[in-house]
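> CSV, C-alpha atoms, file upload.csv:
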chain,number,residue,atom,x,y,z
A,3,ALA,CA,0.0,0.0,0.0
A,4,LYS,CA,1.2,3.4,-0.9
A,5,PRO,CA,1.6,5.9,1.9
A,6,LYS,CA,-0.9,8.8,1.7
A,7,ARG,CA,0.6,12.0,0.3
A,8,PRO,CA,-0.2,15.1,2.2
A,9,ARG,CA,-2.9,17.1,0.5
A,10,ALA,CA,-1.6,19.8,-1.6
A,11,GLY,CA,-3.2,23.3,-1.5
A,12,ARG,CA,-3.0,26.5,0.4
A,13,GLN,CA,-1.6,26.3,3.9
A,14,SER,CA,-3.6,27.7,6.8
A,15,LEU,CA,-2.6,31.1,8.0
A,16,PRO,CA,-0.7,31.2,11.3
A,17,GLU,CA,-3.0,31.2,14.4
A,18,HIS,CA,-0.9,33.8,16.3
A,19,LEU,CA,-1.8,36.6,13.8
A,20,PRO,CA,-4.5,38.9,14.9
A,21,ARG,CA,-7.8,38.5,13.0
A,22,ILE,CA,-9.9,41.5,12.0
A,23,GLU,CA,-13.5,40.3,11.3
A,24,HIS,CA,-15.6,41.8,8.6
A,25,ARG,CA,-19.2,40.5,8.7
A,26,HIS,CA,-21.1,40.7,5.4
A,27,GLU,CA,-24.8,40.3,6.2
A,28,PRO,CA,-27.5,40.2,3.5
A,29,GLU,CA,-29.4,43.4,2.8
A,30,SER,CA,-32.6,41.8,4.0
A,31,CYS,CA,-33.5,39.0,6.4
A,32,THR,CA,-36.4,37.9,4.3
A,33,CYS,CA,-36.4,35.6,1.3
A,34,GLY,CA,-36.2,37.4,-2.0
A,35,GLN,CA,-38.6,34.9,-3.7
A,36,CYS,CA,-41.3,34.1,-1.1
A,37,GLY,CA,-40.9,36.9,1.5
A,38,LYS,CA,-40.5,34.6,4.5
A,39,ASP,CA,-37.8,35.0,7.3
A,40,LEU,CA,-34.4,33.6,6.6
A,41,VAL,CA,-32.7,31.2,9.1
A,42,LYS,CA,-29.0,31.0,9.5
A,43,ILE,CA,-27.7,27.6,8.6
A,44,GLY,CA,-23.9,28.2,8.6
A,45,GLU,CA,-21.1,30.5,7.6
A,46,ASP,CA,-18.6,30.7,4.8
A,47,VAL,CA,-15.3,32.0,6.2
A,48,THR,CA,-12.4,33.0,4.0
A,49,GLU,CA,-9.2,34.5,5.2
A,50,GLN,CA,-6.8,36.9,3.5
A,51,LEU,CA,-3.3,37.7,4.7
A,52,ASP,CA,-2.6,41.4,4.8
A,53,VAL,CA,0.3,43.6,5.9
A,54,GLU,CA,0.5,47.2,7.2
A,55,PRO,CA,3.7,48.8,5.8
A,56,ALA,CA,5.9,50.9,8.1
A,57,LYS,CA,4.0,53.8,9.4
A,58,PHE,CA,5.9,56.9,10.4
A,59,PHE,CA,4.4,58.9,13.2
A,60,VAL,CA,5.6,61.5,15.8
A,61,HIS,CA,5.7,61.2,19.5
A,62,ARG,CA,5.0,64.6,21.1
A,63,HIS,CA,6.4,64.8,24.6
A,64,ILE,CA,4.7,67.8,26.3
A,65,ARG,CA,6.2,68.8,29.6
A,66,PRO,CA,4.3,71.6,31.2
A,67,GLN,CA,6.4,74.0,33.3
A,68,TYR,CA,5.1,75.3,36.6
A,69,ALA,CA,6.4,78.2,38.6
A,70,CYS,CA,6.3,79.0,42.3
A,71,ARG,CA,5.3,82.6,42.8
A,72,ALA,CA,6.8,82.6,46.3
A,73,CYS,CA,10.3,81.4,45.6
A,74,GLU,CA,10.3,82.0,41.8
A,75,THR,CA,11.5,78.5,40.8
A,76,VAL,CA,10.4,76.7,37.7
A,77,THR,CA,9.5,72.9,37.9
A,78,ALA,CA,9.0,70.5,35.0
A,79,ALA,CA,9.0,66.7,34.6
A,80,PRO,CA,12.3,65.2,33.5
A,81,ILE,CA,12.9,64.5,29.8
A,82,PRO,CA,12.2,60.8,29.1
A,83,PRO,CA,15.3,58.8,28.5
A,84,ALA,CA,16.3,58.1,24.9
A,85,VAL,CA,18.9,56.0,23.1
A,86,ILE,CA,20.2,59.1,21.4
A,87,ASP,CA,20.1,62.1,23.8
A,88,GLY,CA,18.6,65.1,22.0
A,89,GLY,CA,18.0,63.1,18.9
A,90,MET,CA,14.7,63.0,17.0
A,91,ALA,CA,14.7,59.2,16.5
A,92,ALA,CA,12.4,57.2,18.8
A,93,VAL,CA,13.3,53.7,19.9
A,94,GLY,CA,10.8,52.2,17.3
A,95,LEU,CA,12.5,54.1,14.4
A,96,LEU,CA,16.0,52.9,15.5
A,97,VAL,CA,14.7,49.3,15.8
A,98,TRP,CA,13.2,49.6,12.3
A,99,LEU,CA,16.5,50.9,11.0
A,100,ILE,CA,18.7,48.3,12.6
A,101,ILE,CA,16.4,45.3,11.6
A,102,ASN,CA,16.2,46.5,8.0
A,103,LYS,CA,19.9,47.1,7.7
A,104,TYR,CA,21.2,44.0,9.4
A,105,GLN,CA,18.4,41.4,9.3
A,106,ASP,CA,17.0,42.3,5.9
A,107,HIS,CA,20.3,43.5,4.5
A,108,LEU,CA,18.9,46.7,3.1
A,109,PRO,CA,21.5,49.4,2.4
A,110,LEU,CA,20.9,52.9,3.9
A,111,TYR,CA,20.1,54.5,0.6
A,112,ARG,CA,17.1,52.2,0.2
A,113,LEU,CA,15.9,53.0,3.7
A,114,GLU,CA,16.3,56.6,2.8
A,115,GLN,CA,14.0,56.0,-0.2
A,116,ILE,CA,11.4,54.1,1.8
A,117,ALA,CA,11.2,57.0,4.2
A,118,ALA,CA,11.0,59.5,1.4
A,119,ARG,CA,8.0,57.7,-0.1
A,120,GLU,CA,6.2,58.4,3.1
A,121,GLY,CA,7.2,62.1,3.0
A,122,VAL,CA,9.9,61.7,5.7
A,123,ASN,CA,13.3,63.1,4.7
A,124,LEU,CA,16.0,61.1,6.5
A,125,ALA,CA,19.5,61.8,5.2
A,126,ARG,CA,21.8,58.9,4.6
A,127,SER,CA,24.4,60.5,6.8
A,128,THR,CA,21.9,60.8,9.6
A,129,LEU,CA,20.9,57.1,9.3
A,130,ALA,CA,24.6,56.1,9.3
A,131,GLU,CA,25.1,58.2,12.5
A,132,TRP,CA,22.1,56.5,14.2
A,133,VAL,CA,23.5,53.1,13.3
A,134,GLY,CA,26.8,54.0,14.9
A,135,ARG,CA,25.1,55.4,18.0
A,136,VAL,CA,22.9,52.3,18.4
A,137,GLY,CA,26.1,50.2,18.1
A,138,VAL,CA,27.7,52.2,21.0
A,139,ALA,CA,24.5,51.9,23.1
A,140,LEU,CA,24.5,48.1,22.6
A,141,LYS,CA,28.2,47.7,23.3
A,142,PRO,CA,27.7,46.7,27.0
A,143,LEU,CA,25.2,44.0,25.8
A,144,ALA,CA,27.7,42.8,23.2
A,145,GLU,CA,30.5,42.6,25.8
A,146,ARG,CA,28.3,40.6,28.2
A,147,LEU,CA,27.4,38.2,25.3
A,148,LYS,CA,31.1,37.8,24.4
A,149,TRP,CA,31.9,37.0,28.1
A,150,HIS,CA,29.2,34.3,28.1
A,151,LEU,CA,30.5,32.9,24.8
A,152,LEU,CA,34.0,32.7,26.1
A,153,GLN,CA,32.9,30.7,29.2
A,154,GLY,CA,32.2,27.6,27.1
A,155,ASN,CA,34.6,25.0,25.8
A,156,THR,CA,33.7,25.5,22.2
A,157,LEU,CA,33.1,28.6,20.1
A,158,LEU,CA,31.3,28.2,16.8
A,159,ALA,CA,31.2,30.8,14.0
A,160,ASP,CA,29.0,31.3,10.9
A,161,GLU,CA,31.0,32.2,7.9
A,162,THR,CA,28.1,32.5,5.5
A,163,PRO,CA,28.9,35.1,2.9
A,164,VAL,CA,26.6,38.0,2.2
A,165,SER,CA,26.4,40.2,-0.9
A,166,GLN,CA,27.7,43.7,-0.4
A,167,LEU,CA,26.8,46.4,-2.8
A,168,GLU,CA,29.7,48.3,-4.3
A,169,PRO,CA,28.6,52.0,-4.3
A,170,GLY,CA,28.5,53.5,-7.8
A,171,THR,CA,29.2,50.3,-9.7
A,172,GLY,CA,25.9,48.6,-9.3
A,173,LYS,CA,27.8,45.4,-8.7
A,174,THR,CA,28.1,43.2,-5.5
A,175,ARG,CA,31.0,41.5,-3.9
A,176,LYS,CA,31.3,38.7,-1.4
A,177,ALA,CA,31.5,39.9,2.2
A,178,TYR,CA,31.4,38.5,5.7
A,179,LEU,CA,29.8,39.9,8.9
A,180,TRP,CA,32.4,39.4,11.7
A,181,ASP,CA,32.9,41.1,15.0
If you convert what's in this file into structure tokens, what do you get?


Amino acid sequence: AKPKRPRAGRQSLPEHLPRIEHRHEPESCTCGQCGKDLVKIGEDVTEQLDVEPAKFFVHRHIRPQYACRACETVTAAPIPPAVIDGGMAAVGLLVWLIINKYQDHLPLYRLEQIAAREGVNLARSTLAEWVGRVGVALKPLAERLKWHLLQGNTLLADETPVSQLEPGTGKTRKAYLWD
């Protein structure tokens, strides 16, 4: 006897994804032919996978200032901590930048173009500076990870090559990501 082949067809969508339900009810709950009330006998459910592209938005941090008339002092809430002090990039934007650059291997000029399509002008030099500042901010975490790795008897490395775009030539070359 031949083993049963798994049924080909569309795979089900992952259960962990949130579902947005759209109910499509008939215009009338009476039969269009005889006029009697309709009775629900079941449902036909179809699912479509959708994505919401990166949305740029602005966090406005409003810190009211209060003054004391008696001693003439001004008081305000402290500035919320940021990865880049005084910078305009929120944590979410920096995460988007780093994931797209290192996980998805998108060069900074493409990220600049993606932001420009949304009407946000982010200079490539600014993006490069943010990448460097995030690297500095993550240095203590990298040092702690290195310490843990060196505690073991064996250290493994992944030497999988990646394609690196050669600016101006339109060609790529083989490169490696090492620390």

> Go through A:Gly134, A:Pro5, A:Pro55, A:Gly37 and flag the residue nearest A:Ala117, using all atoms listed in the file for the distances.

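Closest to A:Ala117 of all the choices is A:Pro55.
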
> Rounded to one decimal in Å, what is the spacing between atom CA of A:Met90 and atom CA of A:His107?

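Calculated distance between atom CA of A:Met90 and atom CA of A:His107 is 23.8 Å.
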
> May I have the residues within 12 Å of A:Trp98 as a PyMOL selection string, using all atoms listed in the file and disregarding those fewer than 2 positions away in the same chain?

chain A and resi 55-58+91-96+100-106+108+110+113+116-117+129+132-133+136

> So, with all atoms listed in the file as the atoms that count, which of A:Glu161, A:Glu54, A:Pro28, A:Glu23 lies closest to A:Lys42?

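Between A:Glu161, A:Glu54, A:Pro28, A:Glu23, the residue approaching A:Lys42 most closely is A:Pro28.
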